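Novice: For reference, the file target.cif (mmCIF, C-alpha atoms) is included below:
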```cif
data_work
loop_
_atom_site.group_PDB
_atom_site.id
_atom_site.type_symbol
_atom_site.label_atom_id
_atom_site.label_comp_id
_atom_site.auth_asym_id
_atom_site.auth_seq_id
_atom_site.Cartn_x
_atom_site.Cartn_y
_atom_site.Cartn_z
ATOM 1 C CA MET A 157 125.711 104.149 237.414
ATOM 2 C CA THR A 158 125.334 102.238 234.152
ATOM 3 C CA LYS A 159 122.645 99.754 233.171
ATOM 4 C CA TYR A 160 123.642 96.344 231.841
ATOM 5 C CA LEU A 161 121.586 93.641 230.167
ATOM 6 C CA ILE A 162 122.574 90.174 231.362
ATOM 7 C CA SER A 163 120.881 87.478 229.297
ATOM 8 C CA PHE A 164 120.933 83.865 228.217
ATOM 9 C CA ASN A 165 119.734 82.120 225.082
ATOM 10 C CA ASP A 166 116.520 80.180 224.784
ATOM 11 C CA GLY A 167 117.361 76.537 225.389
ATOM 12 C CA ALA A 168 120.446 77.324 227.481
ATOM 13 C CA MET A 169 118.865 75.593 230.474
ATOM 14 C CA ASP A 170 117.575 72.557 228.564
ATOM 15 C CA HIS A 171 120.441 70.434 229.944
ATOM 16 C CA ILE A 172 119.065 70.745 233.468
ATOM 17 C CA PRO A 173 116.993 67.722 234.586
ATOM 18 C CA ALA A 174 113.384 68.566 235.501
ATOM 19 C CA GLU A 175 113.926 67.369 239.067
ATOM 20 C CA ASP A 176 116.724 69.945 239.505
ATOM 21 C CA MET A 177 114.639 72.920 238.343
ATOM 22 C CA PRO A 178 113.180 73.743 241.793
ATOM 23 C CA ASP A 179 116.730 74.083 243.160
ATOM 24 C CA VAL A 180 117.756 76.200 240.157
ATOM 25 C CA GLY A 181 114.745 78.446 240.767
ATOM 26 C CA LYS A 182 115.603 78.768 244.452
ATOM 27 C CA THR A 183 119.262 79.668 243.854
ATOM 28 C CA SER A 184 118.379 82.023 240.989
ATOM 29 C CA HIS A 185 115.823 83.862 243.107
ATOM 30 C CA ALA A 186 118.401 84.135 245.897
ATOM 31 C CA VAL A 187 120.778 85.944 243.523
ATOM 32 C CA ILE A 188 117.970 88.255 242.391
ATOM 33 C CA GLN A 189 117.115 88.978 246.031
ATOM 34 C CA GLU A 190 120.777 89.796 246.622
ATOM 35 C CA ALA A 191 120.694 92.249 243.666
ATOM 36 C CA VAL A 192 117.445 93.800 244.956
ATOM 37 C CA SER A 193 118.940 94.170 248.439
ATOM 38 C CA ALA A 194 122.085 95.730 246.936
ATOM 39 C CA GLY A 195 119.911 98.271 245.100
ATOM 40 C CA VAL A 196 121.161 97.304 241.630
ATOM 41 C CA PHE A 197 118.198 95.299 240.295
ATOM 42 C CA VAL A 198 116.093 97.104 237.664
ATOM 43 C CA PHE A 199 114.036 94.365 236.005
ATOM 44 C CA GLY A 200 114.276 90.798 234.829
ATOM 45 C CA ALA A 201 112.218 87.956 233.402
ATOM 46 C CA GLY A 202 112.274 84.688 231.563
ATOM 47 C CA LEU A 203 110.658 84.666 228.145
ATOM 48 C CA GLU A 204 107.939 82.231 227.133
ATOM 49 C CA ARG A 205 108.931 79.821 224.384
ATOM 50 C CA GLN A 206 106.899 81.158 221.532
ATOM 51 C CA GLN A 207 107.388 82.600 218.113
ATOM 52 C CA ALA A 208 107.786 86.363 218.236
ATOM 53 C CA SER A 209 105.560 88.746 216.319
ATOM 54 C CA ILE A 210 107.357 91.325 214.202
ATOM 55 C CA VAL A 211 105.583 94.677 213.865
ATOM 56 C CA ALA A 212 106.784 96.724 210.884
ATOM 57 C CA THR A 213 106.902 100.516 210.771
ATOM 58 C CA ASP A 214 103.612 100.492 208.856
ATOM 59 C CA GLY A 215 101.959 98.411 211.603
ATOM 60 C CA MET A 216 101.907 95.162 209.600
ATOM 61 C CA VAL A 217 102.375 92.134 211.860
ATOM 62 C CA THR A 218 104.239 89.015 210.754
ATOM 63 C CA ASP A 219 105.541 85.969 212.561
ATOM 64 C CA GLY A 220 109.186 85.984 213.582
ATOM 65 C CA PRO A 221 111.950 85.779 214.334
ATOM 66 C CA TYR A 222 113.355 86.066 210.878
ATOM 67 C CA PRO A 223 114.650 82.744 209.457
ATOM 68 C CA GLU A 224 118.268 83.921 209.610
ATOM 69 C CA THR A 225 117.992 84.367 213.389
ATOM 70 C CA LYS A 226 120.127 81.710 215.040
ATOM 71 C CA GLU A 227 119.507 82.478 218.700
ATOM 72 C CA VAL A 228 116.822 84.226 220.704
ATOM 73 C CA ILE A 229 116.852 85.456 224.296
ATOM 74 C CA GLY A 230 115.439 83.024 226.843
ATOM 75 C CA GLY A 231 115.703 85.275 229.880
ATOM 76 C CA PHE A 232 117.325 88.444 231.095
ATOM 77 C CA VAL A 233 117.990 90.822 233.957
ATOM 78 C CA VAL A 234 118.829 94.518 233.846
ATOM 79 C CA LEU A 235 121.145 95.786 236.578
ATOM 80 C CA ASP A 236 122.288 99.338 237.312
ATOM 81 C CA VAL A 237 125.869 99.100 238.548
ATOM 82 C CA ALA A 238 128.974 101.267 238.819
ATOM 83 C CA SER A 239 131.196 99.376 236.373
ATOM 84 C CA ARG A 240 131.456 96.634 233.771
ATOM 85 C CA ALA A 241 133.512 94.642 236.265
ATOM 86 C CA GLU A 242 130.595 94.745 238.699
ATOM 87 C CA ALA A 243 128.187 93.670 235.932
ATOM 88 C CA LEU A 244 130.471 90.748 235.097
ATOM 89 C CA ALA A 245 130.617 89.733 238.766
ATOM 90 C CA TRP A 246 126.800 89.690 238.932
ATOM 91 C CA ALA A 247 126.678 87.745 235.643
ATOM 92 C CA ALA A 248 128.981 85.124 237.180
ATOM 93 C CA LYS A 249 126.583 84.717 240.119
ATOM 94 C CA ILE A 250 123.613 84.456 237.759
ATOM 95 C CA ALA A 251 125.439 81.960 235.529
ATOM 96 C CA ALA A 252 126.233 79.735 238.497
ATOM 97 C CA SER A 253 122.656 79.869 239.790
ATOM 98 C CA CYS A 254 121.045 79.288 236.367
ATOM 99 C CA ARG A 255 123.683 76.740 235.354
ATOM 100 C CA CYS A 256 124.176 78.445 231.985
ATOM 101 C CA ALA A 257 126.423 81.082 230.448
ATOM 102 C CA GLN A 258 125.303 84.712 230.482
ATOM 103 C CA GLU A 259 125.851 87.457 227.918
ATOM 104 C CA VAL A 260 126.631 90.928 229.300
ATOM 105 C CA ARG A 261 125.912 94.082 227.296
ATOM 106 C CA GLU A 262 125.962 97.726 228.338
ATOM 107 C CA LEU A 263 122.748 99.622 227.654
ATOM 108 C CA MET A 264 123.015 103.022 226.017
ATOM 109 C CA PRO A 265 122.304 105.883 228.418
ATOM 110 C CA ASP A 266 119.052 107.784 227.860
ATOM 111 C CA PRO A 267 118.887 110.846 230.127
ATOM 112 C CA GLU A 268 115.575 111.991 228.619
ATOM 113 C CA THR A 269 113.800 108.740 229.471
ATOM 114 C CA ASP A 270 115.409 108.728 232.921
ATOM 115 C CA ALA A 271 114.023 112.255 233.473
ATOM 116 C CA MET A 272 110.544 111.121 232.320
ATOM 117 C CA LEU A 273 110.616 108.224 234.777
ATOM 118 C CA ARG A 274 111.736 110.461 237.652
ATOM 119 C CA GLU A 275 108.947 112.916 236.804
ATOM 120 C CA ALA A 276 106.343 110.139 236.628
ATOM 121 C CA ALA A 277 107.514 108.859 240.007
ATOM 122 C CA GLY A 278 107.192 112.332 241.492
ATOM 123 C CA ARG A 279 110.930 112.741 241.966
ATOM 124 C CA GLY A 280 111.342 115.285 239.129
#
```
Would you mind writing the file's structure down as structure tokens?
Specialist:
Amino acid sequence: MTKYLISFNDGAMDHIPAEDMPDVGKTSHAVIQEAVSAGVFVFGAGLERQQASIVATDGMVTDGPYPETKEVIGGFVVLDVASRAEALAWAAKIAASCRCAQEVRELMPDPETDAMLREAAGRG
């Protein structure tokens, strides 16, 4: 299985009237429940609208994002699926429920971290 990040930009849902948001929430949560039930959901969240803090390698903290940043993530879900085609199919469901386009990116595999997580969960 491969993990995919499915995300949308901050402001991508701004076109949705406030009175429609409860329905958007309901349909979006239904898709997430479907992913949970299918055993492919890893994690997901919407991000608060706030300026990010950038922490440098020396620990210095500055406000971000950098001025050249054009777009920032507004929300995301990570799914663990068998193929890119399956990730794209889930992204289509999420896009329809959220009423906004979704970006799909494959996450790099990290067997060492996966082993750490299995060990921590007692499944080593």
Novice: For range 237-272 of chain A against range 182-202 of chain A, with a cut-off of 8 Å and counting all atoms listed in the file, what is the closest atom pair and its distance in Å to one decimal for every residue that makes the cut, ordered by chain and number, as CSV?
Specialist:
```
residue,atom,partner,partner_atom,distance
A:Val237,CA,A:Val196,CA,5.9
A:Lys249,CA,A:Val187,CA,6.8
A:Ile250,CA,A:Val187,CA,6.6
A:Ser253,CA,A:Ser184,CA,4.9
A:Cys254,CA,A:Ser184,CA,6.0
```
Novice: I need the residues from that last selection saved to file as a PDB file, in the coordinates of the input (with C-alpha atoms), if you can.
Specialist:
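File produced: again-v5.pdb:
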```pdb
ATOM      1  CA  VAL A 237     125.869  99.100 238.548  1.00  0.00           C
ATOM      2  CA  LYS A 249     126.583  84.717 240.119  1.00  0.00           C
ATOM      3  CA  ILE A 250     123.613  84.456 237.759  1.00  0.00           C
ATOM      4  CA  SER A 253     122.656  79.869 239.790  1.00  0.00           C
ATOM      5  CA  CYS A 254     121.045  79.288 236.367  1.00  0.00           C
TER       6      CYS A 254
END
```
Novice: Quick one: of A:Thr218, A:Gln206, A:Ser163, A:Thr213, who's nearest to Phe232 in chain A, counting only C-alpha atoms?
Specialist: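 Looking only at the distances to Phe232 in chain A, the closest residue turns out to be A:Ser163.
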Novice: Using only C-alpha atoms, which residue out of A:Gly220, A:Gly215, A:Gly181, A:Gly278 lies closest to Arg255 in chain A?
Specialist: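 Of A:Gly220, A:Gly215, A:Gly181, A:Gly278, the one nearest Arg255 in chain A, counting only C-alpha atoms, is A:Gly181.
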Novice: Taking the file as shown, what set of residues would the PyMOL selection byres ((chain A and resi 258) around 10) give back, as an mmCIF file with C-alpha atoms, in the frame of the given file?
Specialist:
```cif
data_model
loop_
_atom_site.group_PDB
_atom_site.id
_atom_site.type_symbol
_atom_site.label_atom_id
_atom_site.label_comp_id
_atom_site.auth_asym_id
_atom_site.auth_seq_id
_atom_site.Cartn_x
_atom_site.Cartn_y
_atom_site.Cartn_z
ATOM 1 C CA LEU A 161 121.586 93.641 230.167
ATOM 2 C CA ILE A 162 122.574 90.174 231.362
ATOM 3 C CA SER A 163 120.881 87.478 229.297
ATOM 4 C CA PHE A 164 120.933 83.865 228.217
ATOM 5 C CA ASN A 165 119.734 82.120 225.082
ATOM 6 C CA ALA A 168 120.446 77.324 227.481
ATOM 7 C CA GLY A 231 115.703 85.275 229.880
ATOM 8 C CA PHE A 232 117.325 88.444 231.095
ATOM 9 C CA LEU A 244 130.471 90.748 235.097
ATOM 10 C CA TRP A 246 126.800 89.690 238.932
ATOM 11 C CA ALA A 247 126.678 87.745 235.643
ATOM 12 C CA ALA A 248 128.981 85.124 237.180
ATOM 13 C CA LYS A 249 126.583 84.717 240.119
ATOM 14 C CA ILE A 250 123.613 84.456 237.759
ATOM 15 C CA ALA A 251 125.439 81.960 235.529
ATOM 16 C CA ALA A 252 126.233 79.735 238.497
ATOM 17 C CA CYS A 254 121.045 79.288 236.367
ATOM 18 C CA ARG A 255 123.683 76.740 235.354
ATOM 19 C CA CYS A 256 124.176 78.445 231.985
ATOM 20 C CA ALA A 257 126.423 81.082 230.448
ATOM 21 C CA GLU A 259 125.851 87.457 227.918
ATOM 22 C CA VAL A 260 126.631 90.928 229.300
ATOM 23 C CA ARG A 261 125.912 94.082 227.296
#
```
Novice: Under the PyMOL selection byres ((chain A and resi 207) around 8), which residues of this model are included? Write them out as a list in words.
Specialist: Arg205, Gln206, Ala208, Ser209, Asp219, Gly220 and Pro221 of chain A
Novice: Provide the CA of Val228 in chain A to CA of Glu204 in chain A distance in Å, to one decimal place.
Specialist: 11.1 Å
Novice: Could you check which of A:Asp270, A:Glu275, A:Asp179, A:Glu262 is closest to Ala243 in chain A, using only C-alpha atoms?
Specialist: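 Nearest candidate to Ala243 in chain A out of A:Asp270, A:Glu275, A:Asp179, A:Glu262: A:Glu262.
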Novice: In Å, rounded to a single decimal, give me how far CA of Thr158 in chain A is from CA of Leu263 in chain A.
Specialist: 7.5 Å
Novice: Would you compute the distance between CA of Val233 in chain A and CA of Tyr160 in chain A? Give it in Å to one decimal.
Specialist: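 Pair CA of Val233 in chain A / CA of Tyr160 in chain A returns 8.2 Å.
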Novice: Check the smallest atom-to-atom distance from each of A:Met177, A:Lys159, A:His171, A:Ala245 to Pro265 in chain A using all atoms listed in the file, then report the winner.
Specialist: A:Lys159
Novice: Centre and edge lengths, as JSON, for the axis-aligned box enclosing every listed atom of range 227-236 of chain A with 6 Å of padding on each of the six sides, in Å to one decimal?
Specialist:
```
{"center_x": 118.9, "center_y": 90.9, "center_z": 228.0, "size_x": 18.8, "size_y": 28.9, "size_z": 30.6}
```
Novice: Keeping all heavy atoms, write range 167-178 of chain A of the structure just shown out as an mmCIF file, in the first residue's frame.
Specialist:
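Wrote decode_3.cif, looks like this:
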```cif
data_model
loop_
_atom_site.group_PDB
_atom_site.id
_atom_site.type_symbol
_atom_site.label_atom_id
_atom_site.label_comp_id
_atom_site.auth_asym_id
_atom_site.auth_seq_id
_atom_site.Cartn_x
_atom_site.Cartn_y
_atom_site.Cartn_z
ATOM 1 N N GLY A 167 -8.846 28.839 1.291
ATOM 2 C CA GLY A 167 -9.732 29.695 0.507
ATOM 3 C C GLY A 167 -10.482 28.963 -0.586
ATOM 4 O O GLY A 167 -11.369 29.542 -1.217
ATOM 5 N N ALA A 168 -10.161 27.678 -0.805
ATOM 6 C CA ALA A 168 -10.816 26.934 -1.884
ATOM 7 C C ALA A 168 -12.306 26.734 -1.646
ATOM 8 O O ALA A 168 -13.064 26.497 -2.583
ATOM 9 C CB ALA A 168 -10.136 25.579 -2.081
ATOM 10 N N MET A 169 -12.728 26.846 -0.379
ATOM 11 C CA MET A 169 -14.141 26.655 -0.062
ATOM 12 C C MET A 169 -14.861 27.981 0.207
ATOM 13 O O MET A 169 -16.028 27.977 0.593
ATOM 14 C CB MET A 169 -14.270 25.715 1.138
ATOM 15 C CG MET A 169 -13.743 24.308 0.844
ATOM 16 S SD MET A 169 -13.704 23.218 2.273
ATOM 17 C CE MET A 169 -15.456 22.940 2.530
ATOM 18 N N ASP A 170 -14.178 29.093 -0.042
ATOM 19 C CA ASP A 170 -14.770 30.403 0.229
ATOM 20 C C ASP A 170 -16.001 30.702 -0.616
ATOM 21 O O ASP A 170 -16.818 31.541 -0.260
ATOM 22 C CB ASP A 170 -13.738 31.519 0.027
ATOM 23 C CG ASP A 170 -12.697 31.562 1.130
ATOM 24 O OD1 ASP A 170 -12.851 30.828 2.143
ATOM 25 O OD2 ASP A 170 -11.722 32.316 0.979
ATOM 26 N N HIS A 171 -16.154 30.002 -1.740
ATOM 27 C CA HIS A 171 -17.305 30.230 -2.628
ATOM 28 C C HIS A 171 -18.601 29.612 -2.084
ATOM 29 O O HIS A 171 -19.680 29.879 -2.596
ATOM 30 C CB HIS A 171 -17.012 29.657 -4.018
ATOM 31 C CG HIS A 171 -16.936 28.158 -4.030
ATOM 32 N ND1 HIS A 171 -15.822 27.469 -3.597
ATOM 33 C CD2 HIS A 171 -17.839 27.221 -4.402
ATOM 34 C CE1 HIS A 171 -16.056 26.168 -3.709
ATOM 35 N NE2 HIS A 171 -17.267 25.988 -4.195
ATOM 36 N N ILE A 172 -18.471 28.807 -1.050
ATOM 37 C CA ILE A 172 -19.637 28.101 -0.522
ATOM 38 C C ILE A 172 -20.387 29.009 0.452
ATOM 39 O O ILE A 172 -19.799 29.507 1.416
ATOM 40 C CB ILE A 172 -19.214 26.800 0.194
ATOM 41 C CG1 ILE A 172 -18.445 25.903 -0.773
ATOM 42 C CG2 ILE A 172 -20.434 26.079 0.768
ATOM 43 C CD1 ILE A 172 -17.757 24.723 -0.108
ATOM 44 N N PRO A 173 -21.676 29.249 0.232
ATOM 45 C CA PRO A 173 -22.453 30.090 1.150
ATOM 46 C C PRO A 173 -22.485 29.486 2.558
ATOM 47 O O PRO A 173 -22.506 28.259 2.716
ATOM 48 C CB PRO A 173 -23.860 30.105 0.542
ATOM 49 C CG PRO A 173 -23.689 29.684 -0.882
ATOM 50 C CD PRO A 173 -22.487 28.778 -0.901
ATOM 51 N N ALA A 174 -22.465 30.328 3.558
ATOM 52 C CA ALA A 174 -22.448 29.887 4.962
ATOM 53 C C ALA A 174 -23.583 28.915 5.262
ATOM 54 O O ALA A 174 -23.389 27.939 5.999
ATOM 55 C CB ALA A 174 -22.513 31.096 5.891
ATOM 56 N N GLU A 175 -24.744 29.145 4.672
ATOM 57 C CA GLU A 175 -25.890 28.276 4.958
ATOM 58 C C GLU A 175 -25.717 26.867 4.370
ATOM 59 O O GLU A 175 -26.406 25.932 4.775
ATOM 60 C CB GLU A 175 -27.203 28.902 4.490
ATOM 61 C CG GLU A 175 -27.303 29.179 3.011
ATOM 62 C CD GLU A 175 -26.802 30.562 2.592
ATOM 63 O OE1 GLU A 175 -26.152 31.256 3.405
ATOM 64 O OE2 GLU A 175 -27.055 30.940 1.431
ATOM 65 N N ASP A 176 -24.791 26.711 3.418
ATOM 66 C CA ASP A 176 -24.538 25.395 2.829
ATOM 67 C C ASP A 176 -23.465 24.608 3.586
ATOM 68 O O ASP A 176 -23.313 23.400 3.361
ATOM 69 C CB ASP A 176 -24.089 25.531 1.371
ATOM 70 C CG ASP A 176 -25.208 25.964 0.448
ATOM 71 O OD1 ASP A 176 -26.373 26.054 0.902
ATOM 72 O OD2 ASP A 176 -24.919 26.216 -0.736
ATOM 73 N N MET A 177 -22.723 25.268 4.469
ATOM 74 C CA MET A 177 -21.605 24.608 5.136
ATOM 75 C C MET A 177 -22.008 23.388 5.978
ATOM 76 O O MET A 177 -21.274 22.396 5.979
ATOM 77 C CB MET A 177 -20.801 25.608 5.961
ATOM 78 C CG MET A 177 -19.988 26.579 5.093
ATOM 79 S SD MET A 177 -18.938 25.771 3.855
ATOM 80 C CE MET A 177 -17.613 25.187 4.895
ATOM 81 N N PRO A 178 -23.152 23.404 6.672
ATOM 82 C CA PRO A 178 -23.532 22.185 7.401
ATOM 83 C C PRO A 178 -23.687 20.972 6.472
ATOM 84 O O PRO A 178 -23.266 19.864 6.822
ATOM 85 C CB PRO A 178 -24.857 22.560 8.066
ATOM 86 C CG PRO A 178 -24.765 24.041 8.244
ATOM 87 C CD PRO A 178 -24.050 24.519 7.002
#
```
